[in-house]
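Structure below is run_33.csv: CSV, C-alpha atoms.
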chain,number,residue,atom,x,y,z
M,1,MET,CA,45.6,106.9,57.7
M,2,ASN,CA,45.9,104.3,55.0
M,3,ARG,CA,48.6,105.2,52.5
M,4,PHE,CA,48.3,103.8,49.0
M,5,SER,CA,51.3,101.8,47.8
M,6,GLU,CA,51.8,100.6,44.2
M,7,ASP,CA,53.4,97.5,45.7
M,8,SER,CA,50.0,96.5,47.2
M,9,MET,CA,48.7,95.9,43.7
M,10,SER,CA,48.9,92.5,41.9
M,11,LEU,CA,51.2,92.3,38.8
M,12,GLU,CA,48.1,91.9,36.6
M,13,SER,CA,46.4,95.0,38.0
M,14,ARG,CA,49.6,97.1,37.8
M,15,ALA,CA,50.0,96.2,34.2
M,16,ALA,CA,46.3,97.0,33.5
M,17,LEU,CA,46.6,100.4,35.2
M,18,VAL,CA,49.8,101.3,33.3
M,19,GLY,CA,48.0,100.3,30.1
M,20,ASN,CA,44.9,102.3,30.9
M,21,VAL,CA,46.9,105.4,31.9
M,22,LEU,CA,49.1,105.2,28.9
M,23,ALA,CA,46.1,104.8,26.6
M,24,VAL,CA,44.8,108.1,28.0
M,25,ALA,CA,48.2,109.8,28.0
M,26,ASP,CA,49.0,108.8,24.4
M,27,SER,CA,45.6,109.8,23.2
M,28,LYS,CA,46.1,113.2,24.8
M,29,LEU,CA,49.5,113.4,23.1
M,30,VAL,CA,47.9,113.0,19.7
M,31,LEU,CA,44.9,115.2,20.6
M,32,GLY,CA,47.3,118.0,21.7
M,33,ASN,CA,48.9,117.8,18.2
M,34,TRP,CA,45.4,117.9,16.6
M,35,TYR,CA,44.7,121.2,18.3
M,36,LEU,CA,48.1,122.5,17.4
M,37,LYS,CA,47.7,121.6,13.7
M,38,GLY,CA,44.1,123.0,13.8
M,39,VAL,CA,45.2,126.5,15.0
M,40,HIS,CA,45.3,128.1,11.6
M,41,ASN,CA,41.9,126.8,10.8
M,42,GLY,CA,40.3,128.7,13.7
M,43,ARG,CA,37.4,130.9,12.5
M,44,ALA,CA,38.4,133.9,14.6
M,45,LEU,CA,41.4,135.2,16.3
M,46,PRO,CA,40.2,134.1,19.8
M,47,ASP,CA,39.9,130.6,18.4
M,48,PHE,CA,43.7,130.6,17.7
M,49,ALA,CA,44.3,131.3,21.4
M,50,ALA,CA,41.8,128.7,22.5
M,51,LEU,CA,43.2,126.0,20.2
M,52,LEU,CA,46.8,126.8,21.4
M,53,ALA,CA,45.7,126.7,25.0
M,54,MET,CA,43.9,123.4,24.6
M,55,SER,CA,47.0,122.0,22.9
M,56,ALA,CA,49.1,123.0,25.8
M,57,THR,CA,46.7,121.6,28.4
M,58,SER,CA,46.4,118.3,26.5
M,59,LEU,CA,50.2,117.9,26.2
M,60,GLY,CA,50.4,118.8,29.9
M,61,HIS,CA,48.0,116.0,30.7
M,62,THR,CA,50.2,113.6,28.7
M,63,ARG,CA,53.3,114.6,30.7
M,64,ALA,CA,51.6,114.5,34.0
M,65,LEU,CA,50.3,111.0,33.3
M,66,TYR,CA,53.8,109.8,32.1
M,67,LYS,CA,55.2,111.2,35.4
M,68,TYR,CA,52.6,109.3,37.4
M,69,LEU,CA,53.8,106.1,35.8
M,70,ILE,CA,57.3,106.6,37.2
M,71,GLY,CA,55.9,105.2,40.4
M,72,PHE,CA,55.1,102.0,38.6
M,73,GLY,CA,58.7,101.6,37.4
M,74,GLU,CA,58.3,103.3,34.0
M,75,ASP,CA,61.1,105.4,32.6
M,76,TYR,CA,59.8,108.9,31.9
M,77,SER,CA,62.3,109.8,29.1
M,78,TYR,CA,61.5,106.5,27.4
M,79,LEU,CA,57.8,107.0,27.6
M,80,GLU,CA,58.2,110.6,26.2
M,81,ARG,CA,60.8,110.2,23.6
M,82,GLY,CA,62.0,106.5,23.4
M,83,ARG,CA,59.0,104.7,21.9
M,84,GLY,CA,58.5,103.7,18.4
M,85,ARG,CA,55.1,104.1,16.6
M,86,GLY,CA,54.2,100.5,17.5
M,87,GLU,CA,54.3,101.3,21.2
M,88,ILE,CA,52.1,104.4,21.1
M,89,ARG,CA,48.7,103.6,22.5
M,90,SER,CA,46.5,106.4,21.3
M,91,MET,CA,42.9,105.7,20.2
M,92,ASN,CA,42.2,104.8,16.6
M,93,LEU,CA,39.7,107.7,16.5
M,94,LEU,CA,42.6,110.2,16.1
M,95,ASP,CA,44.6,108.2,13.5
M,96,ALA,CA,43.2,109.9,10.3
M,97,ALA,CA,43.6,113.6,9.6
M,98,PRO,CA,40.4,115.6,9.7
M,99,GLU,CA,38.6,116.1,6.4
M,100,SER,CA,36.8,119.2,7.4
M,101,TRP,CA,36.2,121.7,10.2
M,102,GLU,CA,33.2,119.7,11.2
M,103,ASP,CA,35.2,116.5,11.2
M,104,PHE,CA,37.9,118.2,13.3
M,105,LEU,CA,35.3,119.4,15.9
M,106,THR,CA,33.4,116.1,16.2
M,107,THR,CA,36.7,114.2,16.5
M,108,ILE,CA,38.1,116.4,19.3
M,109,TYR,CA,34.7,116.3,21.0
M,110,LEU,CA,34.6,112.5,21.0
M,111,ALA,CA,38.3,112.2,22.1
M,112,GLU,CA,37.8,114.6,24.9
M,113,GLN,CA,34.6,112.9,26.1
M,114,SER,CA,36.1,109.4,25.9
M,115,THR,CA,39.3,110.3,27.7
M,116,TRP,CA,37.3,112.1,30.4
M,117,MET,CA,35.0,109.1,30.8
M,118,MET,CA,38.0,106.9,31.2
M,119,MET,CA,39.6,109.2,33.8
M,120,SER,CA,36.3,109.7,35.7
M,121,GLY,CA,36.4,106.0,36.5
M,122,PHE,CA,39.4,106.7,38.7
M,123,LEU,CA,37.7,109.5,40.8
M,124,ASN,CA,37.3,107.2,43.7
M,125,ALA,CA,40.5,105.2,43.3
M,126,PRO,CA,42.5,104.3,46.4
M,127,ASP,CA,45.5,106.2,45.1
M,128,PRO,CA,45.2,110.0,45.9
M,129,ALA,CA,47.7,110.9,43.1
M,130,LEU,CA,45.5,109.2,40.5
M,131,VAL,CA,42.4,110.9,41.9
M,132,GLY,CA,44.1,114.3,41.8
M,133,LEU,CA,45.1,113.7,38.1
M,134,ALA,CA,41.5,112.7,37.2
M,135,LYS,CA,40.1,115.8,38.9
M,136,LYS,CA,42.6,118.1,37.2
M,137,ILE,CA,42.0,116.6,33.8
M,138,GLY,CA,38.2,116.8,34.4
M,139,THR,CA,38.5,120.5,35.3
M,140,GLU,CA,40.4,121.4,32.1
M,141,SER,CA,38.4,119.1,29.8
M,142,TYR,CA,35.3,121.1,30.9
M,143,PHE,CA,36.5,124.0,28.7
M,144,HIS,CA,37.6,121.8,25.9
M,145,LEU,CA,34.2,120.2,25.8
M,146,LYS,CA,32.5,123.6,26.0
M,147,TYR,CA,34.5,124.7,23.0
M,148,ALA,CA,33.1,121.7,21.1
M,149,ALA,CA,29.6,122.4,22.4
M,150,GLY,CA,29.7,126.0,21.1
M,151,TRP,CA,30.6,124.9,17.6
M,152,ARG,CA,28.1,122.0,17.8
M,153,SER,CA,25.2,124.4,18.3
M,154,ILE,CA,26.3,126.4,15.2
M,155,PHE,CA,26.3,123.1,13.2
M,156,PHE,CA,22.8,122.3,14.6
M,157,GLU,CA,21.7,125.8,13.6
M,158,GLY,CA,22.9,125.3,10.0
M,159,LYS,CA,21.5,121.7,9.8
M,160,ASN,CA,25.1,120.8,8.9
M,161,GLU,CA,25.1,117.5,6.9
M,162,THR,CA,29.0,117.3,7.0
M,163,TYR,CA,28.9,117.3,10.8
M,164,ARG,CA,26.2,114.6,10.9
M,165,GLU,CA,28.3,112.4,8.6
M,166,ALA,CA,31.5,113.0,10.5
M,167,LEU,CA,29.8,112.1,13.8
M,168,SER,CA,28.4,108.9,12.3
M,169,ASN,CA,31.8,107.9,11.0
M,170,LYS,CA,33.8,108.7,14.1
M,171,PHE,CA,31.5,107.7,16.9
M,172,PRO,CA,32.1,103.9,16.5
M,173,LEU,CA,35.8,104.4,17.0
M,174,ALA,CA,35.2,106.3,20.2
M,175,LEU,CA,33.0,103.5,21.6
M,176,GLN,CA,35.6,100.9,20.4
M,177,TRP,CA,38.2,102.4,22.7
M,178,PHE,CA,36.4,101.0,25.7
M,179,GLY,CA,36.8,97.4,24.5
M,180,THR,CA,34.6,94.4,24.1
M,181,ASP,CA,31.9,93.3,26.5
M,182,SER,CA,33.9,90.2,27.4
M,183,GLU,CA,37.1,92.0,28.4
M,184,HIS,CA,38.2,91.1,31.9
M,185,ASP,CA,38.2,94.4,33.8
M,186,VAL,CA,40.9,93.7,36.4
M,187,LEU,CA,40.9,97.4,37.6
M,188,LEU,CA,37.2,97.1,38.5
M,189,ASP,CA,37.7,93.8,40.3
M,190,GLN,CA,40.7,95.3,42.3
M,191,GLY,CA,38.8,98.5,43.2
M,192,MET,CA,41.0,100.8,41.3
M,193,ARG,CA,37.9,102.1,39.5
M,194,ASN,CA,34.4,102.0,40.7
M,195,VAL,CA,32.8,102.0,37.2
M,196,GLY,CA,33.7,99.3,34.8
M,197,LEU,CA,34.7,99.8,31.1
M,198,VAL,CA,31.3,98.5,29.8
M,199,GLU,CA,29.5,101.0,32.0
M,200,LEU,CA,31.8,103.8,31.0
M,201,ARG,CA,31.1,103.0,27.3
M,202,LYS,CA,27.4,103.0,28.0
M,203,ALA,CA,27.8,106.4,29.8
M,204,LEU,CA,29.7,107.7,26.7
M,205,LEU,CA,26.9,106.6,24.5
M,206,ARG,CA,24.2,108.3,26.7
M,207,GLN,CA,26.2,111.5,26.8
M,208,VAL,CA,26.8,111.7,23.1
M,209,LEU,CA,23.1,111.0,22.4
M,210,THR,CA,22.1,113.6,24.9
M,211,ASP,CA,24.5,116.2,23.4
M,212,HIS,CA,23.0,115.6,20.0
M,213,ASP,CA,19.3,115.7,21.0
M,214,ALA,CA,18.6,118.9,19.2
M,215,PRO,CA,15.5,120.0,17.2
M,216,GLY,CA,16.0,119.3,13.5
M,217,PHE,CA,19.2,117.3,14.0
M,218,GLU,CA,18.3,113.8,12.9
M,219,TRP,CA,21.0,111.3,13.8
M,220,VAL,CA,20.7,107.7,14.5
M,221,SER,CA,23.7,106.0,16.0
M,222,ALA,CA,24.4,102.5,14.6
M,223,ALA,CA,27.3,102.2,16.9
M,224,GLU,CA,25.9,100.7,20.0
M,225,ALA,CA,27.9,97.5,19.5
M,226,PRO,CA,31.3,98.5,18.0
M,227,THR,CA,33.0,95.8,15.9
M,228,PHE,CA,36.5,94.5,16.5
M,229,GLY,CA,38.9,93.1,13.9
M,230,ASN,CA,41.6,90.5,14.5
M,231,ASP,CA,44.2,93.2,15.0
M,232,TRP,CA,42.5,94.7,18.0
M,233,ASP,CA,45.0,94.8,20.8
M,234,VAL,CA,43.3,94.8,24.2
M,235,ASP,CA,46.4,96.0,26.0
M,236,LYS,CA,47.0,99.0,23.7
M,237,ARG,CA,43.2,99.7,23.3
M,238,ARG,CA,43.8,100.1,19.6
M,239,ALA,CA,44.0,98.2,16.3
M,240,GLY,CA,47.3,98.3,14.4
M,241,GLU,CA,50.2,100.7,14.8
M,242,LEU,CA,50.1,104.5,14.8
M,243,PRO,CA,50.3,105.6,11.1
M,244,GLU,CA,53.9,106.6,10.2
M,245,GLY,CA,53.0,110.1,9.1
M,246,LEU,CA,51.2,110.8,12.4
M,247,TYR,CA,54.0,109.4,14.4
M,248,GLU,CA,56.4,111.9,12.8
M,249,ILE,CA,54.1,114.7,13.9
M,250,VAL,CA,53.4,113.7,17.4
M,251,LYS,CA,56.7,112.3,18.7
M,252,PHE,CA,58.4,114.6,21.2
M,253,GLN,CA,61.7,115.9,19.9
M,254,ASP,CA,64.9,114.9,21.6
M,255,PRO,CA,65.8,118.1,23.6
M,256,ALA,CA,69.4,117.8,22.5
M,257,ALA,CA,68.4,117.8,18.8
M,258,VAL,CA,66.2,120.8,19.4
M,259,HIS,CA,68.8,122.9,21.2
M,260,ASP,CA,71.8,122.1,18.8
C,261,MET,CA,40.4,126.6,-14.0
C,262,LYS,CA,40.5,126.5,-10.2
C,263,ARG,CA,37.1,126.9,-8.5
C,264,ARG,CA,37.0,129.6,-5.8
C,265,LYS,CA,36.4,128.2,-2.4
C,266,GLU,CA,32.9,128.9,-1.2
C,267,PHE,CA,32.5,130.1,2.3
C,268,ASP,CA,29.1,129.7,3.9
C,269,ARG,CA,29.2,132.1,6.9
C,270,GLY,CA,26.0,130.8,8.3
C,271,LEU,CA,27.3,127.2,8.4
C,272,GLU,CA,30.8,128.1,9.6
C,273,VAL,CA,30.5,130.8,12.1
C,274,GLY,CA,26.8,130.9,12.8
C,275,LYS,CA,24.2,133.3,11.6
C,276,GLY,CA,25.5,136.8,11.2
C,277,GLU,CA,22.9,138.3,13.5
C,278,ARG,CA,24.1,136.0,16.3
C,279,THR,CA,27.7,137.2,16.5
C,280,VAL,CA,27.7,139.4,19.6
C,281,PHE,CA,30.0,141.2,22.0
C,282,TYR,CA,30.4,140.0,25.6
C,283,GLU,CA,32.1,141.9,28.5
C,284,VAL,CA,34.4,139.8,30.6
C,285,PHE,CA,34.5,140.1,34.4
C,286,ALA,CA,36.8,138.2,36.8
C,287,ARG,CA,38.3,138.1,40.3
C,288,ARG,CA,41.3,136.3,41.8
C,289,ASP,CA,39.7,135.6,45.2
C,290,SER,CA,36.6,136.3,47.2
C,291,SER,CA,38.1,139.4,48.8
C,292,GLU,CA,38.2,141.1,45.4
C,293,ALA,CA,35.5,142.9,43.5
C,294,LEU,CA,34.8,141.6,40.0
C,295,TRP,CA,37.0,143.4,37.5
C,296,HIS,CA,36.1,144.3,34.0
C,297,VAL,CA,39.1,142.5,32.3
C,298,GLY,CA,38.1,143.0,28.6
C,299,SER,CA,35.6,142.0,26.0
C,300,ILE,CA,35.2,139.2,23.5
C,301,GLN,CA,33.2,138.5,20.4
C,302,ALA,CA,31.5,135.1,19.9
C,303,PRO,CA,28.6,133.6,18.1
C,304,ASN,CA,27.2,132.0,21.3
C,305,ASP,CA,27.6,131.8,25.1
C,306,ASP,CA,29.6,128.6,25.1
C,307,LEU,CA,32.2,130.0,22.7
C,308,ALA,CA,32.3,133.3,24.5
C,309,GLN,CA,33.1,131.5,27.8
C,310,VAL,CA,35.9,129.4,26.3
C,311,ARG,CA,37.4,132.3,24.3
C,312,ALA,CA,37.3,134.6,27.3
C,313,TRP,CA,38.8,131.9,29.6
C,314,TYR,CA,41.8,131.4,27.3
C,315,ILE,CA,42.3,134.9,26.2
C,316,TYR,CA,42.2,136.6,29.6
C,317,ASP,CA,44.5,134.1,31.4
C,318,GLN,CA,46.9,136.6,32.8
C,319,HIS,CA,45.9,135.5,36.4
C,320,GLU,CA,44.7,132.3,38.0
C,321,TRP,CA,41.1,133.5,38.3
C,322,LYS,CA,38.8,132.0,40.9
C,323,GLU,CA,35.8,133.4,39.1
C,324,MET,CA,35.1,134.6,35.6
C,325,ASN,CA,31.8,135.7,34.0
C,326,VAL,CA,30.8,136.9,30.6
C,327,VAL,CA,27.8,139.3,30.1
C,328,PRO,CA,26.3,140.1,26.7
C,329,THR,CA,27.1,143.7,26.1
C,330,SER,CA,23.5,144.2,25.0
C,331,ALA,CA,22.3,143.2,28.5
C,332,ILE,CA,24.1,146.2,30.1
C,333,VAL,CA,21.8,149.0,30.9
C,334,PRO,CA,23.6,152.4,30.8
C,335,ILE,CA,23.0,154.8,33.7
C,336,THR,CA,24.7,157.8,32.3
C,337,GLU,CA,22.7,160.3,30.3
C,338,ALA,CA,21.5,159.0,27.0
C,339,ASN,CA,23.9,159.5,24.1
C,340,LYS,CA,26.7,160.6,26.6
C,341,SER,CA,28.4,157.2,27.1
C,342,ILE,CA,31.5,156.4,25.1
C,343,LYS,CA,30.5,154.1,22.3
C,344,ILE,CA,33.4,151.7,21.7
C,345,LYS,CA,31.5,149.0,19.9
C,346,VAL,CA,28.1,148.0,18.6
C,347,ALA,CA,26.5,145.2,20.6

Any chance you could give the structure as structure tokens?
Amino acid sequence: MNRFSEDSMSLESRAALVGNVLAVADSKLVLGNWYLKGVHNGRALPDFAALLAMSATSLGHTRALYKYLIGFGEDYSYLERGRGRGEIRSMNLLDAAPESWEDFLTTIYLAEQSTWMMMSGFLNAPDPALVGLAKKIGTESYFHLKYAAGWRSIFFEGKNETYREALSNKFPLALQWFGTDSEHDVLLDQGMRNVGLVELRKALLRQVLTDHDAPGFEWVSAAEAPTFGNDWDVDKRRAGELPEGLYEIVKFQDPAAVHD
Amino acid sequence: MKRRKEFDRGLEVGKGERTVFYEVFARRDSSEALWHVGSIQAPNDDLAQVRAWYIYDQHEWKEMNVVPTSAIVPITEANKSIKIKVA
């Protein structure tokens, strides 16, 4: 039986894998806090329970992915509590606070779909631990995406203009997360994933178009080719630093400070 | 003067007619019969599934199902069943 060893990877591919996994883990960190902040906006009591549970599972994904990176020489406590806002690699999609319930729902939908797309690329990775994490995240994301689907059908029913606008505004940021066409995908070359970033981005585009193919819901995506500014950081998969206010919300508290 | 916030129920929680009750059934493994574990109210099947999954999480269920209460055909004599909610 061939056992996978992190040491068998080149330095370049190790760095790329750590970067990709951190991008998902940090996005789940911010997403978990989105759910938490959204709890009191739930439209019914069961929504409160669902939003709290989705927050807990998202933050659980974050911690599981941080733990996975210990095998790559990363310090867990530093990843969880030691980093400044310039080191957090969450997607730009989650930077701005939601402006409405519709904006909240479309943003969590796009973040869930994007992070799942990224993890699905590792389903056939040579590292069983990474495959297991991808499967677990996929299983739990199923319910998160179903929650968004339930609300989406209500928005379709009401021909909700606010939802259409929010989707048009946020979708380019989701596509952007997968990078430029010219990005060198070392993890694809090294066999860590069997679907490249460009293909994953196209799959996201197809999925979002399919999910919004509903009678009476007219929506044209102008986002097939996302734009990138000079501040786009390919390693962090984001432009600029995490906003200061958001960092204060999402950063894990030092356990000593909490218990004193 | 502050404007009162307008709440469009149709837009926000679906059309009133669509909010229905569902009964929730689950089992922990294949040797168990499906239990009736509770009920849930939701505007559509997707939200009913998610709400049930997260509300009735007292066990690690291997199977969970929701059934619209309106789909249940009573066997007991008409008007003799205990009416606990309107489907």

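Of the residues listed (C:Glu292, C:Asp317, C:Glu323, C:Asp306), C:Asp306 shows the shortest atom-to-atom separation from chain M; distances use all atoms listed in the file.
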
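Excluding His61 in chain M itself and same-chain residues fewer than 6 positions from it, the residues having an atom within 10 Å of it are Val24, Ala25, Asp26, Lys28, Leu29, Gly32, Ser55, Lys67, Leu133, Ala134, Lys136, Ile137 and Glu140 of chain M, counting all atoms listed in the file.
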
Find the spatial neighbours of Asp103 in chain M, counting only C-alpha atoms, within a cut-off of 8 Å - ignore same-chain residues fewer than 6 positions away - and output them as a list in words.
-> Thr162, Tyr163, Ala166 and Leu167 of chain M

Write out the residues from the selection above, keeping C-alpha atoms, as a short mmCIF file (atom, residue, chain, number, x, y, z; two decimals), in the coordinates of the input.
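As a result, result.cif now contains:
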data_model
loop_
_atom_site.label_atom_id
_atom_site.label_comp_id
_atom_site.auth_asym_id
_atom_site.auth_seq_id
_atom_site.Cartn_x
_atom_site.Cartn_y
_atom_site.Cartn_z
CA THR M 162 29.00 117.30 7.00
CA TYR M 163 28.90 117.30 10.80
CA ALA M 166 31.50 113.00 10.50
CA LEU M 167 29.80 112.10 13.80
#

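Proximity of M:Tyr78, M:Phe171, M:Phe143, M:Phe48 to chain C, computed with all atoms listed in the file, is greatest for M:Phe143.
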
With a distance cut-off of 9 Å and only C-alpha atoms, select the neighbouring residues of Leu204 in chain M, excluding the residue or stretch itself and same-chain residues fewer than 5 positions from it, and output the selection as JSON, numbers by chain.
-> {"M": [110, 113, 114, 117, 174, 175, 199, 209]}

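When CA of Asp305 in chain C is paired with CA of Ser168 in chain M, their separation reads 26.2 Å.
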
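Between CA of Ala49 in chain M and CA of Lys146 in chain M the interatomic distance comes to 14.8 Å.
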
Counting all atoms listed in the file, which residues of chain M fall within 6 Å of chain C, and what is the closest atom pair for each with its distance in Å at one decimal, ordered by chain and rising number, as JSON lines?
{"residue": "M:Pro46", "atom": "CA", "partner": "C:Arg311", "partner_atom": "CA", "distance": 5.6}
{"residue": "M:Ala50", "atom": "CA", "partner": "C:Tyr314", "partner_atom": "CA", "distance": 5.5}
{"residue": "M:Phe143", "atom": "CA", "partner": "C:Val310", "partner_atom": "CA", "distance": 5.9}
{"residue": "M:Lys146", "atom": "CA", "partner": "C:Asp306", "partner_atom": "CA", "distance": 5.8}
{"residue": "M:Tyr147", "atom": "CA", "partner": "C:Leu307", "partner_atom": "CA", "distance": 5.8}
{"residue": "M:Gly150", "atom": "CA", "partner": "C:Asp306", "partner_atom": "CA", "distance": 4.8}
{"residue": "M:Ile154", "atom": "CA", "partner": "C:Gly274", "partner_atom": "CA", "distance": 5.1}
{"residue": "M:Gly158", "atom": "CA", "partner": "C:Leu271", "partner_atom": "CA", "distance": 5.1}

Would you export the selected residues with C-alpha atoms as a PDB file, keeping the file's coordinate frame, please?
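File again_19.pdb, as written:
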ATOM      1  CA  PRO M  46      40.200 134.100  19.800  1.00  0.00           C
ATOM      2  CA  ALA M  50      41.800 128.700  22.500  1.00  0.00           C
ATOM      3  CA  PHE M 143      36.500 124.000  28.700  1.00  0.00           C
ATOM      4  CA  LYS M 146      32.500 123.600  26.000  1.00  0.00           C
ATOM      5  CA  TYR M 147      34.500 124.700  23.000  1.00  0.00           C
ATOM      6  CA  GLY M 150      29.700 126.000  21.100  1.00  0.00           C
ATOM      7  CA  ILE M 154      26.300 126.400  15.200  1.00  0.00           C
ATOM      8  CA  GLY M 158      22.900 125.300  10.000  1.00  0.00           C
TER       9      GLY M 158
END

Which polymer residues have any atom within 12 Å of an atom of Gly73 in chain M, counting only C-alpha atoms, with same-chain residues fewer than 6 positions away left out, as an MDAnalysis selection string?
-> chainID M and resid 6:7 14:15 18 66:67 79

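The spacing separating CA of Glu183 in chain M from CA of Ala239 in chain M amounts to 15.2 Å.
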
Ref. answer, residues at most 12 Å from (34.9, 94.2, 13.9) with all atoms listed in the file, as a VMD selection string = chain M and resid 172 to 173 176 179 to 180 223 225 to 232 239

Using all atoms listed in the file, the best pick from M:Pro243, M:Ala149, M:Arg81, M:Leu188 as closest to Leu200 in chain M would be M:Leu188
